[in-house]
Amino acid sequence: MPKSTLSILAVLPMLSALGQQPAPRPAFEVADIKPAAPGDIAPGKERLLPGGRIEIPHATVKELMIGAYSVQSGLIFGGPKWLETDRFDIVAKAPDPNTPVPTLLLMVRTLLEDRFKLVVHREDRVMPAYTLAVGKDGSRLRPSTAGGRQNCNSQMLDNAGIRVLRRECRNMTMDEFARQLALPGFGPSGPTILEAVTHLGLKLEAGKRPVSVVVIDSAAKPGEN
């Protein structure tokens with residue numbers, strides 16, 4: 001085959017790739033963001049309502065990033081101080097009423113990037129870390145039979161005068177479970193995280209390892225960008 005023909009054949013896949021448009025990011029159909037009124041609110045008050053409507057009250061940008069970027073709060077670095085002090089009420093609606101939770105979290109990421117002009121990058125840093133492993137007597141976890149999408153509910157309970165946050169999740173992967181352990185409000189009273197995982201037949205092993213962290217490059221409040 002002539003050399004010129006080989007060159008043309010080599011270029012064709014490149015031209016084809018250049019012509020492909022990136023897949024659109026999952027995004028809410030409509031979203032309303034307002035500064036939250038002063039006052040405290042219990043964690044885990046987000047609500048997923050019929051029709052694809054989601055309500056997230058009194059949340060900081062860094063709290064929203066935990067789910068949107070699948071990262072623990074202590075693994076988010078940089079950015080202006082208001083990202084962890086200013087609180088917002090968010091009401092949004094997904095195009096599909098049956099949108100699964102992982103896709104809703106990607107929509108929250110798109111919302112942060114579009115409305116808060118959030119720009120981040122990931123990098124690995126060697127840090128103290130816990131590895132979630134099976135305990136010596138074996139795991140007490142069982143495969144989910146619930147089917148459908150992952151679902152979590154939170155409820156504040158009174159345990160002998162002590163307020164305890166009960167969080168019940170179904171149809172979760174172990175990655176999602178590990179992220180739940182790091183959510184704000186987990187273990188403020190009642191069983192500690194160590195006691196909770198031990199009860200499930202699991203254990204936490206301390207050590208140091210490369211950890212993927214999220215670094216905030218820039219952000220702006222809605223209306224100031």
# chains A, B, ... in the order shown; residues from 1 in each chain; ligands from 1
>>> residues_around(residues="Ala94 of chain A", least_positions_apart="4", cutoff="6 Å", atoms="only C-alpha atoms", output="list in words")
Phe28, Glu29 and Gly52 of chain A
>>> residues_around(residues="Gln150 of chain A", least_positions_apart="4", cutoff="10 Å", atoms="only C-alpha atoms", output="number ranges by chain")
A: 100-102, 146, 169-173, 176
>>> write_last_selection(atoms="C-alpha atoms", output="PDB file, in the first residue's frame")
ATOM      1  CA  PRO A 100     -31.407   7.517  40.292  1.00  0.00           C
ATOM      2  CA  VAL A 101     -29.504   9.021  43.218  1.00  0.00           C
ATOM      3  CA  PRO A 102     -26.017   8.753  41.608  1.00  0.00           C
ATOM      4  CA  ALA A 146     -34.718  -4.234  48.055  1.00  0.00           C
ATOM      5  CA  CYS A 169     -29.744   3.350  53.772  1.00  0.00           C
ATOM      6  CA  ARG A 170     -30.750   0.563  51.420  1.00  0.00           C
ATOM      7  CA  ASN A 171     -29.265  -0.917  48.252  1.00  0.00           C
ATOM      8  CA  MET A 172     -25.809   0.581  48.860  1.00  0.00           C
ATOM      9  CA  THR A 173     -22.380  -0.359  47.570  1.00  0.00           C
ATOM     10  CA  GLU A 176     -21.259   4.449  49.249  1.00  0.00           C
TER      11      GLU A 176
END
>>> residues_around(residues="Arg125 of chain A", least_positions_apart="5", cutoff="10 Å", atoms="only C-alpha atoms", output="list of chain:residue names")
A:Leu75, A:Lys208, A:Arg209, A:Pro210, A:Val211, A:Ser212, A:Val213
>>> residues_around(residues="segment 110-122 of chain A", least_positions_apart="5", cutoff="7 Å", atoms="only C-alpha atoms", output="MDAnalysis selection string")
chainID A and resid 25:27 212:222
>>> residues_around(residues="Asp86 of chain A", least_positions_apart="6", cutoff="10 Å", atoms="only C-alpha atoms", output="list in words")
Pro35, Ala36, Pro38, His58, Ala59, Thr60, Val61, Lys62 and Lys221 of chain A
>>> write_last_selection(atoms="C-alpha atoms", output="mmCIF file, in the first residue's frame")
data_model
loop_
_atom_site.group_PDB
_atom_site.id
_atom_site.type_symbol
_atom_site.label_atom_id
_atom_site.label_comp_id
_atom_site.auth_asym_id
_atom_site.auth_seq_id
_atom_site.Cartn_x
_atom_site.Cartn_y
_atom_site.Cartn_z
ATOM 1 C CA PRO A 35 -29.268 32.319 50.789
ATOM 2 C CA ALA A 36 -30.584 30.410 53.810
ATOM 3 C CA PRO A 38 -29.964 32.318 59.899
ATOM 4 C CA HIS A 58 -29.334 25.172 54.748
ATOM 5 C CA ALA A 59 -26.336 23.614 52.994
ATOM 6 C CA THR A 60 -22.847 24.974 52.439
ATOM 7 C CA VAL A 61 -21.043 24.463 49.156
ATOM 8 C CA LYS A 62 -18.519 22.176 50.846
ATOM 9 C CA LYS A 221 -21.371 33.243 44.824
#
>>> residues_around(residues="Ile90 of chain A", least_positions_apart="2", cutoff="7 Å", atoms="only C-alpha atoms", output="ChimeraX atom specification")
/A:32-34,55-57,88,92
>>> select_by_dssp(residues="segment 24-146 of chain A", states="helix (DSSP H, G or I)", output="PyMOL selection string")
chain A and resi 50-52+61-68+73-75+81-84+101-115
